[in-house]
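Visitor: Provided herewith is a single structure, encoded as structure tokens, for subsequent inquiry.
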Amino acid sequence: MIELMCDLWLFLKMRKKFWLAPIILVMLLLGALIVFAQGSVMAPFIYTLF
């Protein structure tokens, strides 16, 4: 996992694609929100946001 993050950072740095970093971060946060909220009591409230 750490190697993947290092490779991704090197790709962004070498190709000057820093504008992709916020997109990747938001996608990771939304994915984590969906995974953690799937079995919780807050799930109906979170799904109404989308």
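Ligands are numbered from 1 in the order shown, chains are lettered A, B, ... in the order of the structure tokens, and residues start at 1 in each chain.
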Could you tell me, as JSON, numbers by chain, which residues of chain A DSSP assigns to alpha helix (DSSP H) when given the backbone?
Guide: {"A": [2, 3, 4, 5, 6, 7, 8, 9, 10, 11, 12, 13, 14, 15, 20, 21, 22, 23, 24, 25, 26, 27, 28, 29, 30, 31, 32, 33, 34, 35, 36, 37, 43, 44, 45, 46, 47, 48, 49]}
Visitor: So how far away is CA of Met5 (chain A) from CA of Leu25 (chain A), in Å?
Guide: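 Between CA of Leu25 (chain A) and CA of Met5 (chain A) the gap works out to 11.7 Å.
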Visitor: I want to know what sits within 12 Å of Trp9 (chain A), based on only C-alpha atoms, with residues of the same chain fewer than 6 positions away left out; could you give that as JSON, numbers by chain?
Guide: {"A": [2, 3, 15, 16, 17, 18, 20, 21, 24]}
Visitor: So how far away is CA of Leu8 (chain A) from CA of Pro22 (chain A), in Å?
Guide: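 These atoms are spaced 13.0 Å apart.
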